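Here's start-v8.txt, which has compact mmCIF, C-alpha atoms:
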```
# COMPACT_ATOMS: atom_id res chain seq x y z
CA GLN S 1354 -10.28 126.60 37.88
CA MET S 1355 -13.19 124.28 37.81
CA ALA S 1356 -10.85 121.30 37.36
CA ALA S 1357 -8.55 122.63 40.05
CA GLY S 1358 -11.41 122.93 42.51
CA ARG S 1359 -12.68 119.46 41.76
CA LYS S 1360 -12.01 116.92 44.52
CA ARG S 1361 -9.66 114.12 43.58
CA ALA S 1362 -11.23 110.65 43.79
CA PRO S 1363 -9.69 108.56 46.58
CA ALA S 1364 -7.31 105.81 45.52
CA PRO S 1365 -8.99 102.36 45.42
CA VAL S 1366 -6.47 100.86 47.86
CA TRP S 1367 -6.91 103.66 50.39
CA SER S 1368 -10.69 103.45 50.02
CA ALA S 1369 -10.60 99.71 50.70
CA CYS S 1370 -8.38 100.19 53.74
CA ARG S 1371 -10.57 102.98 55.11
CA ALA S 1372 -13.69 100.87 54.59
CA SER S 1373 -12.06 97.90 56.35
CA LEU S 1374 -11.00 100.05 59.31
CA SER S 1375 -14.45 101.61 59.59
CA ALA S 1376 -16.12 98.20 59.52
CA ALA S 1377 -13.63 96.86 62.06
CA TRP S 1378 -14.33 99.73 64.46
CA ARG S 1379 -18.08 99.37 64.01
CA ASP S 1380 -17.93 95.62 64.74
CA LYS S 1381 -14.95 95.72 67.10
CA HIS S 1382 -16.42 93.00 69.33
CA LEU S 1383 -16.38 90.67 66.29
CA VAL S 1384 -13.01 91.65 64.79
CA LEU S 1385 -11.25 88.47 65.90
CA PHE S 1386 -14.11 86.17 64.97
CA SER S 1387 -15.61 87.49 61.74
CA ALA S 1388 -13.74 86.58 58.53
CA GLU S 1389 -14.73 89.87 56.91
CA HIS S 1390 -12.15 91.58 59.16
CA THR S 1391 -9.29 89.43 57.87
CA LEU S 1392 -7.58 92.38 56.16
CA VAL S 1393 -7.29 94.49 59.32
CA VAL S 1394 -6.06 91.68 61.56
CA THR S 1395 -3.55 90.32 59.05
CA ALA S 1396 -2.17 93.82 58.38
CA LEU S 1397 -1.49 94.27 62.10
CA LEU S 1398 0.06 90.80 62.42
CA TRP S 1399 2.26 91.32 59.34
CA THR S 1400 3.59 94.57 60.82
CA LEU S 1401 4.28 92.77 64.09
CA GLU S 1402 6.11 90.06 62.17
CA VAL S 1403 8.65 92.59 60.89
CA ALA S 1404 9.72 93.24 64.47
CA ILE S 1405 9.60 89.55 65.42
CA ASN S 1406 11.90 88.56 62.56
CA LEU S 1407 14.39 91.28 63.46
CA TRP S 1408 14.32 90.13 67.08
CA VAL S 1409 14.87 86.49 66.10
CA ILE S 1410 17.78 87.36 63.81
CA HIS S 1411 19.56 89.44 66.45
CA ARG S 1412 18.72 87.46 69.60
CA VAL S 1413 18.55 83.79 68.55
CA THR S 1414 21.70 81.96 67.46
CA TYR S 1415 21.91 80.97 63.79
CA THR S 1416 22.33 77.21 63.28
CA GLU S 1417 24.29 75.93 60.30
CA ILE S 1418 22.66 72.94 58.60
CA ASP S 1419 22.49 73.20 54.80
CA TRP S 1420 23.51 76.76 53.87
CA LYS S 1421 27.21 75.95 53.40
CA ALA S 1422 26.23 72.86 51.42
CA TYR S 1423 24.01 74.99 49.16
CA MET S 1424 26.85 77.43 48.60
CA GLY S 1425 29.26 74.59 47.80
CA GLU S 1426 26.83 73.13 45.28
CA VAL S 1427 26.27 76.36 43.36
CA GLU S 1428 29.98 77.19 43.56
CA GLY S 1429 30.63 74.06 41.53
CA VAL S 1430 28.33 75.37 38.79
CA ILE S 1431 29.94 78.82 38.95
CA ASN S 1432 33.33 77.13 38.47
CA GLY S 1433 32.08 75.44 35.29
CA THR S 1434 30.81 72.01 36.37
CA TYR S 1435 27.51 71.18 34.64
CA ASP S 1436 27.44 67.44 35.24
CA TYR S 1437 24.92 67.05 38.04
CA THR S 1438 26.54 63.87 39.28
CA GLN S 1439 29.71 65.86 40.04
CA LEU S 1440 28.02 68.63 42.01
CA LYS S 1441 28.02 68.28 45.78
CA GLY S 1442 28.28 70.17 49.05
CA ASP S 1443 29.27 69.39 52.62
CA THR S 1444 26.19 67.24 53.25
CA GLY S 1445 26.19 65.26 50.01
CA PRO S 1446 25.33 65.54 46.31
CA LEU S 1447 23.12 68.22 44.75
CA VAL S 1448 19.57 66.80 44.68
CA TYR S 1449 17.52 69.87 43.72
CA PRO S 1450 16.38 71.00 40.25
CA ALA S 1451 17.98 73.77 38.21
CA GLY S 1452 15.86 76.63 39.55
CA PHE S 1453 17.48 76.09 42.93
CA VAL S 1454 20.90 76.56 41.35
CA TYR S 1455 20.01 79.90 39.77
CA ILE S 1456 18.29 81.37 42.84
CA PHE S 1457 21.00 80.30 45.25
CA THR S 1458 23.70 81.49 42.84
CA VAL S 1459 22.16 84.97 43.19
CA LEU S 1460 22.17 84.52 46.98
CA TYR S 1461 25.80 83.33 46.73
CA TYR S 1462 26.84 86.67 45.24
CA ILE S 1463 24.56 88.80 47.44
CA THR S 1464 26.02 87.25 50.61
CA ASP S 1465 29.70 87.55 49.60
CA HIS S 1466 30.09 83.93 48.45
CA GLY S 1467 27.81 82.75 51.23
CA LEU S 1468 30.00 84.17 54.01
CA ASN S 1469 27.70 87.03 55.08
CA ILE S 1470 25.19 84.92 57.01
CA ARG S 1471 23.51 87.93 58.64
CA LEU S 1472 22.67 89.44 55.25
CA GLY S 1473 21.34 86.05 54.15
CA GLN S 1474 19.06 86.04 57.21
CA TYR S 1475 17.69 89.46 56.25
CA VAL S 1476 16.99 88.17 52.73
CA PHE S 1477 15.13 85.17 54.12
CA ALA S 1478 13.21 87.43 56.50
CA GLY S 1479 12.09 89.24 53.35
CA PHE S 1480 11.05 85.88 51.85
CA TYR S 1481 9.09 85.18 55.03
CA LEU S 1482 7.24 88.49 54.90
CA ILE S 1483 6.45 88.08 51.19
CA THR S 1484 5.15 84.57 51.88
CA LEU S 1485 2.92 85.91 54.66
CA LEU S 1486 1.53 88.61 52.35
CA LEU S 1487 0.69 85.98 49.73
CA VAL S 1488 -0.86 83.64 52.30
CA PHE S 1489 -2.88 86.41 53.96
CA ARG S 1490 -4.17 87.51 50.55
CA ILE S 1491 -5.44 83.96 49.95
CA TYR S 1492 -7.25 83.97 53.29
CA HIS S 1493 -8.63 87.45 52.63
CA ARG S 1494 -9.97 86.35 49.25
CA THR S 1495 -11.58 83.19 50.58
CA GLN S 1496 -12.73 84.43 54.03
CA LYS S 1497 -13.22 81.00 55.55
CA VAL S 1498 -11.04 81.31 58.65
CA PRO S 1499 -11.75 83.57 61.69
CA PRO S 1500 -9.02 86.23 62.07
CA TYR S 1501 -7.87 85.15 65.55
CA VAL S 1502 -6.45 81.99 63.97
CA PHE S 1503 -3.88 84.01 62.01
CA PHE S 1504 -1.93 84.56 65.21
CA PHE S 1505 -1.12 80.84 65.06
CA VAL S 1506 -0.28 81.14 61.34
CA CYS S 1507 2.61 83.50 62.05
CA CYS S 1508 3.62 84.79 65.46
CA ALA S 1509 3.17 81.57 67.45
CA SER S 1510 5.30 79.16 65.39
CA TYR S 1511 8.92 78.88 66.52
CA ARG S 1512 9.67 76.16 63.96
CA ILE S 1513 8.57 78.21 60.94
CA HIS S 1514 10.65 81.24 61.97
CA SER S 1515 13.58 78.88 62.47
CA ILE S 1516 13.19 77.31 59.01
CA PHE S 1517 13.21 80.73 57.36
CA VAL S 1518 15.68 82.95 59.23
CA LEU S 1519 17.75 80.58 61.39
CA ARG S 1520 18.33 77.73 58.93
CA LEU S 1521 18.01 79.37 55.46
CA PHE S 1522 16.55 76.24 53.84
CA ASN S 1523 15.44 76.18 50.20
CA ASP S 1524 11.94 74.90 51.14
CA PRO S 1525 10.63 78.41 52.00
CA VAL S 1526 11.75 79.74 48.62
CA ALA S 1527 9.79 77.03 46.80
CA MET S 1528 6.69 77.66 48.94
CA MET S 1529 6.89 81.43 48.43
CA LEU S 1530 6.72 80.88 44.66
CA LEU S 1531 3.93 78.32 45.13
CA PHE S 1532 1.74 80.74 47.08
CA GLY S 1533 2.39 83.34 44.40
CA ALA S 1534 1.05 80.85 41.85
CA VAL S 1535 -2.05 80.16 43.97
CA ASN S 1536 -2.78 83.90 44.07
CA LEU S 1537 -2.53 84.05 40.28
CA PHE S 1538 -4.93 81.11 39.97
CA LEU S 1539 -7.41 82.95 42.20
CA ASP S 1540 -7.08 85.98 39.92
CA GLY S 1541 -7.85 83.83 36.88
CA ARG S 1542 -4.31 84.19 35.48
CA TRP S 1543 -3.86 80.50 34.84
CA THR S 1544 -1.05 80.64 32.28
CA LEU S 1545 1.12 82.93 34.40
CA GLY S 1546 0.21 80.88 37.47
CA CYS S 1547 1.33 77.67 35.77
CA ALA S 1548 4.63 79.33 34.85
CA LEU S 1549 5.24 80.39 38.45
CA TYR S 1550 4.18 76.95 39.68
CA SER S 1551 6.77 75.36 37.40
CA LEU S 1552 9.42 77.73 38.77
CA ALA S 1553 8.49 76.59 42.28
CA VAL S 1554 8.94 72.95 41.24
CA SER S 1555 12.35 73.87 39.85
CA VAL S 1556 13.45 74.93 43.34
CA LYS S 1557 12.29 71.82 45.17
CA MET S 1558 10.34 68.79 44.02
CA ASN S 1559 7.93 68.77 46.98
CA VAL S 1560 5.76 71.32 45.15
CA MET S 1561 4.68 68.46 42.88
CA LEU S 1562 2.39 67.34 45.71
CA PHE S 1563 0.08 70.13 44.49
CA ALA S 1564 0.20 68.77 40.92
CA PRO S 1565 -2.79 66.36 41.11
CA GLY S 1566 -5.03 69.14 42.40
CA LEU S 1567 -3.72 71.60 39.81
CA LEU S 1568 -4.31 69.11 36.98
CA PHE S 1569 -7.85 68.58 38.22
CA LEU S 1570 -8.48 72.33 38.30
CA LEU S 1571 -7.04 72.88 34.84
CA LEU S 1572 -9.25 70.15 33.40
CA SER S 1573 -12.20 71.66 35.26
CA GLU S 1574 -11.54 75.14 33.92
CA PHE S 1575 -10.43 74.42 30.38
CA GLY S 1576 -11.04 70.81 29.38
CA LEU S 1577 -8.34 68.55 27.97
CA MET S 1578 -7.42 70.37 24.77
CA LYS S 1579 -6.92 73.79 26.41
CA THR S 1580 -5.09 72.23 29.36
CA LEU S 1581 -2.39 70.67 27.19
CA PRO S 1582 -0.71 74.01 26.27
CA LYS S 1583 -0.44 74.91 29.96
CA LEU S 1584 1.10 71.55 30.82
CA THR S 1585 3.48 72.02 27.89
CA LEU S 1586 4.47 75.43 29.28
CA CYS S 1587 5.26 73.85 32.67
CA ALA S 1588 7.42 71.19 31.02
CA LEU S 1589 9.12 73.70 28.73
CA ILE S 1590 10.17 75.88 31.67
CA GLN S 1591 11.77 72.86 33.33
CA VAL S 1592 13.67 72.00 30.14
CA VAL S 1593 14.87 75.56 29.53
CA LEU S 1594 16.11 75.97 33.11
CA ALA S 1595 17.85 72.60 33.02
CA LEU S 1596 19.28 72.92 29.50
CA PRO S 1597 22.93 73.60 30.49
CA PHE S 1598 22.88 70.45 32.62
CA LEU S 1599 20.83 68.33 30.20
CA LEU S 1600 23.35 69.03 27.42
CA VAL S 1601 26.17 67.61 29.54
CA ASN S 1602 24.53 64.66 31.33
CA PRO S 1603 20.73 64.40 30.87
CA VAL S 1604 20.36 61.12 32.78
CA GLY S 1605 22.50 62.43 35.62
CA TYR S 1606 20.41 65.58 35.90
CA VAL S 1607 17.01 63.87 35.92
CA SER S 1608 18.12 61.12 38.29
CA ARG S 1609 19.53 63.63 40.80
CA ALA S 1610 17.09 66.54 40.52
CA PHE S 1611 13.97 64.35 40.49
CA ASP S 1612 15.06 61.32 42.49
CA LEU S 1613 11.77 59.72 43.58
CA GLY S 1614 13.56 56.77 45.17
CA ARG S 1615 15.80 58.80 47.46
CA GLN S 1616 16.35 57.08 50.82
CA PHE S 1617 15.78 59.10 53.98
CA LEU S 1618 17.59 58.65 57.29
CA PHE S 1619 15.51 57.25 60.15
CA LYS S 1620 17.11 59.56 62.71
CA TRP S 1621 15.53 62.63 61.08
CA THR S 1622 11.98 61.34 60.61
CA VAL S 1623 9.20 63.30 62.28
CA ASN S 1624 6.27 61.11 61.23
CA TRP S 1625 7.41 57.46 61.42
CA ARG S 1626 9.40 57.30 64.68
CA PHE S 1627 7.04 54.66 66.12
CA LEU S 1628 8.05 52.15 63.43
CA PRO S 1629 11.10 49.84 63.59
CA GLU S 1630 13.90 51.21 61.41
CA GLU S 1631 13.86 48.13 59.15
CA VAL S 1632 10.18 48.78 58.34
CA PHE S 1633 10.86 52.48 57.74
CA LEU S 1634 13.55 51.56 55.19
CA ASN S 1635 11.61 48.73 53.57
CA ARG S 1636 10.69 49.28 49.90
CA TYR S 1637 7.40 47.39 50.30
CA PHE S 1638 6.39 49.88 52.99
CA HIS S 1639 7.18 52.70 50.56
CA LEU S 1640 5.08 50.98 47.89
CA CYS S 1641 2.15 50.68 50.30
CA LEU S 1642 2.37 54.41 51.06
CA LEU S 1643 2.41 55.21 47.34
CA ILE S 1644 -0.66 53.05 46.72
CA ALA S 1645 -2.46 54.66 49.66
CA HIS S 1646 -1.51 58.12 48.37
CA VAL S 1647 -2.78 57.49 44.83
CA THR S 1648 -5.94 55.78 46.10
CA THR S 1649 -6.82 58.62 48.46
CA LEU S 1650 -6.21 61.24 45.76
CA SER S 1651 -8.37 59.30 43.31
CA VAL S 1652 -11.23 58.93 45.78
CA PHE S 1653 -11.14 62.64 46.64
CA ALA S 1654 -11.06 63.59 42.95
CA LEU S 1655 -14.01 61.32 42.16
CA LYS S 1656 -16.16 61.95 45.23
CA ARG S 1657 -15.17 65.20 46.97
CA TRP S 1658 -13.70 67.59 44.40
CA THR S 1659 -16.52 67.06 41.90
CA ARG S 1660 -20.08 68.15 42.42
CA SER S 1661 -22.80 65.57 42.82
CA GLY S 1662 -24.10 64.42 39.47
CA THR S 1663 -20.92 65.49 37.66
CA SER S 1664 -18.65 62.84 36.18
CA VAL S 1665 -14.92 63.45 36.51
CA TRP S 1666 -14.49 61.99 33.02
CA ALA S 1667 -16.61 64.82 31.61
CA LEU S 1668 -13.72 67.14 32.44
CA LEU S 1669 -11.78 65.61 29.58
CA LYS S 1670 -14.34 66.92 27.12
CA ASP S 1671 -15.72 70.22 28.39
CA PRO S 1672 -14.84 72.58 31.23
CA SER S 1673 -17.28 72.45 34.13
CA ASP S 1674 -18.11 75.17 36.63
CA ARG S 1675 -15.24 76.66 38.59
CA LYS S 1676 -14.15 74.53 41.57
CA GLU S 1677 -12.95 75.66 44.96
CA THR S 1678 -9.43 76.32 43.78
CA VAL S 1679 -7.69 76.74 47.12
CA LEU S 1680 -9.34 73.74 48.77
CA VAL S 1681 -8.44 71.40 45.91
CA LEU S 1682 -4.81 72.56 45.82
CA PHE S 1683 -4.30 72.53 49.59
CA SER S 1684 -6.01 69.16 50.10
CA SER S 1685 -3.98 67.63 47.26
CA ASN S 1686 -0.78 68.70 49.01
CA PHE S 1687 -2.06 67.62 52.42
CA ILE S 1688 -2.91 64.11 51.20
CA GLY S 1689 0.66 63.83 49.93
CA MET S 1690 1.99 64.91 53.33
CA CYS S 1691 -0.10 62.25 55.06
CA PHE S 1692 1.57 59.49 53.07
CA CYS S 1693 5.15 60.80 52.81
CA ARG S 1694 7.89 58.20 53.30
CA SER S 1695 9.45 60.60 55.76
CA LEU S 1696 8.96 64.15 56.96
CA HIS S 1697 12.01 66.11 58.09
CA TYR S 1698 11.77 69.19 60.27
CA GLN S 1699 12.11 71.73 57.45
CA PHE S 1700 9.25 70.01 55.60
CA TYR S 1701 6.82 71.62 58.05
CA VAL S 1702 6.71 74.68 55.81
CA TRP S 1703 5.27 72.50 53.02
CA TYR S 1704 1.82 72.65 54.60
CA PHE S 1705 1.99 74.85 57.70
CA HIS S 1706 0.25 77.88 56.17
CA THR S 1707 -2.50 75.71 54.65
CA LEU S 1708 -3.56 73.93 57.86
CA PRO S 1709 -6.04 76.57 59.13
CA TYR S 1710 -7.74 76.64 55.73
CA LEU S 1711 -8.09 72.86 55.72
CA LEU S 1712 -9.39 72.74 59.30
CA TRP S 1713 -11.99 75.47 58.78
CA SER S 1714 -12.96 74.19 55.30
CA GLY S 1715 -13.86 70.83 56.80
CA ASN S 1716 -17.19 72.28 57.90
CA VAL S 1717 -17.96 69.59 60.49
CA LYS S 1718 -20.21 71.13 63.14
CA LYS S 1719 -19.00 68.87 65.95
CA LEU S 1720 -15.42 70.05 65.45
CA ALA S 1721 -15.60 73.18 67.57
CA HIS S 1722 -13.23 76.13 67.20
CA LEU S 1723 -11.34 75.17 70.35
CA LEU S 1724 -10.74 71.64 69.08
CA ARG S 1725 -9.41 72.98 65.79
CA VAL S 1726 -6.99 75.26 67.60
CA LEU S 1727 -5.97 72.29 69.75
CA ILE S 1728 -5.18 70.29 66.62
CA LEU S 1729 -3.01 73.14 65.34
CA GLY S 1730 -1.22 73.17 68.70
CA LEU S 1731 -0.62 69.41 68.71
CA ILE S 1732 0.79 69.55 65.19
CA GLU S 1733 3.10 72.40 66.19
CA LEU S 1734 4.20 70.43 69.25
CA ALA S 1735 4.96 67.34 67.16
CA TRP S 1736 7.12 69.37 64.77
CA ASN S 1737 8.95 71.02 67.68
CA THR S 1738 9.75 67.75 69.45
CA TYR S 1739 13.41 66.99 68.77
CA PRO S 1740 14.31 64.25 68.43
CA SER S 1741 10.89 62.95 67.52
CA THR S 1742 9.33 60.31 69.75
CA THR S 1743 6.81 57.52 69.33
CA TYR S 1744 4.17 59.74 70.92
CA SER S 1745 4.95 62.84 68.85
CA SER S 1746 4.79 60.82 65.61
CA LEU S 1747 1.55 59.09 66.58
CA SER S 1748 -0.06 62.38 67.61
CA LEU S 1749 0.93 63.90 64.25
CA HIS S 1750 -0.73 61.03 62.39
CA MET S 1751 -3.85 61.30 64.54
CA CYS S 1752 -4.12 65.01 63.75
CA HIS S 1753 -3.63 64.29 60.05
CA LEU S 1754 -6.35 61.65 60.19
CA ILE S 1755 -8.81 64.03 61.87
CA ILE S 1756 -8.20 66.71 59.23
CA LEU S 1757 -8.54 64.16 56.45
CA MET S 1758 -11.84 62.91 57.88
CA CYS S 1759 -13.11 66.47 58.22
CA LEU S 1760 -12.31 67.15 54.58
CA TRP S 1761 -14.04 63.93 53.56
CA PHE S 1762 -17.23 64.50 55.55
CA SER S 1763 -17.50 68.20 54.79
CA PRO S 1764 -20.16 69.31 52.28
CA GLY S 1765 -19.07 69.03 48.66
CA PRO S 1766 -18.36 72.12 46.57
CA ALA S 1767 -21.40 74.25 45.94
CA PRO S 1768 -22.12 75.55 42.45
CA LEU S 1769 -20.41 78.83 41.80
CA ALA S 1770 -21.38 81.46 39.28
CA GLN S 1771 -18.65 82.22 36.78
CA ASP S 1772 -16.76 85.39 37.66
CA THR S 1773 -16.93 87.45 34.47
CA HIS S 1774 -13.85 89.41 35.51
CA ASN S 1775 -11.80 86.21 35.85
CA LYS S 1776 -13.24 84.81 32.66
CA ALA S 1777 -12.13 87.89 30.74
CA LYS S 1778 -8.60 87.53 32.19
CA ARG S 1779 -8.29 83.81 31.49
CA SER S 1780 -5.39 82.93 29.24
```
Translate the structure described by the file into structure tokens.
Amino acid sequence: QMAAGRKRAPAPVWSACRASLSAAWRDKHLVLFSAEHTLVVTALLWTLEVAINLWVIHRVTYTEIDWKAYMGEVEGVINGTYDYTQLKGDTGPLVYPAGFVYIFTVLYYITDHGLNIRLGQYVFAGFYLITLLLVFRIYHRTQKVPPYVFFFVCCASYRIHSIFVLRLFNDPVAMMLLFGAVNLFLDGRWTLGCALYSLAVSVKMNVMLFAPGLLFLLLSEFGLMKTLPKLTLCALIQVVLALPFLLVNPVGYVSRAFDLGRQFLFKWTVNWRFLPEEVFLNRYFHLCLLIAHVTTLSVFALKRWTRSGTSVWALLKDPSDRKETVLVLFSSNFIGMCFCRSLHYQFYVWYFHTLPYLLWSGNVKKLAHLLRVLILGLIELAWNTYPSTTYSSLSLHMCHLIILMCLWFSPGPAPLAQDTHNKAKRS
């Protein structure tokens, strides 16, 4: 009787939600501007996004671009072709790693051999909502961005909704897995996070733009000797997934799935429209971009990602204090985007959800909130200008430059106390 009369302790999740709602009501005049109310605002926006995605699917015409090509490529594998050089779809040869093949094979069967487009759109709406949950959790954990900005992270972007539910590209799938990995890193689950990161790379190679930042973080957390097993795990996952194709034609698989020299078409470029086409296609121009990319990454690793008085070479011997995980990963990817040989419209999803974090992490006092929102708007406008123009490309580069400068001139990472909970969960 005593046990029966005892009050049941409230569930931790419900307690957290109730506390967030109470705090939001108490400080209702600050809800949109105080990062501590991120949970409440993002929960409302996520719910609204369910309705928005349904509206888009039913009211906006689906546009076929790559879905049929994806289905043709995986159909070749289903029919027994494991030579990557022989796999192709309507738009050309298969140029994505093995993880793409497995995931889109599942989608092939779910959507009745790719014919049930509407069902495919619902699946990708699910991917979109999962991605938003993962992204919002990152922002909730870090609490650097005022909640009103999250409206621009979801509801306001036509291009992002289009990439997910009107085009069914593979880029969103890769980024969904990537954001899952970032969440695991924040939870201190580095081994599992590395595994999920490798799965993301296996869907599309663009995720490797995060690799320099991830390597830096692993060395920071574990030192060289304890980092090697995690790098080995990443490589092993790639080999296991690719094994059926490597056994048939290893050179063909690697050259197609990880083709670093792939030539892009000038007519689709978003970022280099102001250049003559012969310059855009010139290999020396590509080499200059690569040098600029590596140089900028190196300078950031040496001067911005490390704390003052700490040598980056010391990371090879002993782990140092925990770095700002999200900032290092997101800025690593952003630097890669700045120096890409070409950006196509679906590539917007590669960094879209990270832009607010980068803008509000660059803690430059003169860059007011309104100017930051304006930069987000100009970037959105550039990605929605079709076909791209000289002005849209130049404005995109100017916005990239401003963000890069903000990251450079922002205060370096402050010392952080080790989280004993994360340390206990490290593996």
Name the residues in contact with segment 1593-1602 of chain S at a cut-off of 6 Å, using all atoms listed in the file, excluding same-chain residues fewer than 3 positions from it; report them as a tab-separated table (two decimals) with C-alpha atoms, in the coordinates of the input.
```
chain	number	residue	atom	x	y	z
S	1435	TYR	CA	27.51	71.18	34.64
S	1436	ASP	CA	27.44	67.44	35.24
S	1451	ALA	CA	17.98	73.77	38.21
S	1590	ILE	CA	10.17	75.88	31.67
S	1605	GLY	CA	22.50	62.43	35.62
```
Separation of atom CA of Leu1521 of chain S from atom CA of Trp1420 of chain S, in Å and rounded to one decimal: 6.3 Å
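Using only C-alpha atoms, the smallest distance between any of S:Trp1543, S:Tyr1606, S:Phe1505, S:Phe1705 and Phe1575 of chain S comes from S:Trp1543.
Once Met1758 of chain S and its same-chain neighbours fewer than 2 positions away are set aside, S:Thr1649, S:Phe1653, S:Arg1657, S:Ser1684, S:Ile1688, S:Leu1711, S:Leu1712, S:Ser1714, S:Gly1715, S:Asn1716, S:Val1717, S:Leu1720, S:Met1751, S:Cys1752, S:His1753, S:Leu1754, S:Ile1755, S:Ile1756, S:Leu1760, S:Trp1761, S:Phe1762, S:Ser1763, S:Pro1764 remain within 12 Å of it when counting all atoms listed in the file.
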Nearby residues (only C-alpha atoms) at most 10 Å from Lys1497 of chain S, same-chain spacing under 3 positions excluded, as a PyMOL selection string: chain S and resi 1387-1389+1391+1492-1494+1500+1709-1714+1716
Given the selection you just returned, output its residues as a file containing C-alpha atoms, formatted as an mmCIF file, keeping the file's coordinate frame.
```
data_model
loop_
_atom_site.group_PDB
_atom_site.id
_atom_site.type_symbol
_atom_site.label_atom_id
_atom_site.label_comp_id
_atom_site.auth_asym_id
_atom_site.auth_seq_id
_atom_site.Cartn_x
_atom_site.Cartn_y
_atom_site.Cartn_z
ATOM 1 C CA SER S 1387 -15.610 87.490 61.740
ATOM 2 C CA ALA S 1388 -13.740 86.580 58.530
ATOM 3 C CA GLU S 1389 -14.730 89.870 56.910
ATOM 4 C CA THR S 1391 -9.290 89.430 57.870
ATOM 5 C CA TYR S 1492 -7.250 83.970 53.290
ATOM 6 C CA HIS S 1493 -8.630 87.450 52.630
ATOM 7 C CA ARG S 1494 -9.970 86.350 49.250
ATOM 8 C CA PRO S 1500 -9.020 86.230 62.070
ATOM 9 C CA PRO S 1709 -6.040 76.570 59.130
ATOM 10 C CA TYR S 1710 -7.740 76.640 55.730
ATOM 11 C CA LEU S 1711 -8.090 72.860 55.720
ATOM 12 C CA LEU S 1712 -9.390 72.740 59.300
ATOM 13 C CA TRP S 1713 -11.990 75.470 58.780
ATOM 14 C CA SER S 1714 -12.960 74.190 55.300
ATOM 15 C CA ASN S 1716 -17.190 72.280 57.900
#
```
Residue contacts of Ile1516 of chain S (9 Å, all atoms listed in the file) excluding same-chain residues fewer than 5 positions away, as a PyMOL selection string: chain S and resi 1511+1521-1522+1524-1525+1698-1702
All residues 6 Å or closer to segment 1553-1555 of chain S, all atoms listed in the file, same chain fewer than 2 positions away omitted, as a PyMOL selection string: chain S and resi 1450-1452+1527+1530-1531+1550-1551+1557-1558+1560
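The coordinates place atom CA of Gln1591 of chain S at 7.7 Å from atom CA of Leu1552 of chain S.
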Protein/DNA/RNA residues near (-5.4, 68.4, 43.1), cut 10 Å, only C-alpha atoms, as JSON, numbers by chain: {"S": [1562, 1563, 1564, 1565, 1566, 1567, 1568, 1569, 1570, 1571, 1650, 1651, 1653, 1654, 1658, 1678, 1679, 1680, 1681, 1682, 1683, 1684, 1685, 1686, 1687, 1688]}
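Of the residues under consideration (S:Ala1404, S:Val1476, S:Ile1513, S:Leu1392), S:Ile1513 shows the shortest atom-to-atom contact distance to Asn1737 of chain S when counting all atoms listed in the file.
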Nearest candidate to His1514 of chain S (options S:Val1526, S:Leu1586, S:Ile1410, S:Val1607; using all atoms listed in the file): S:Ile1410
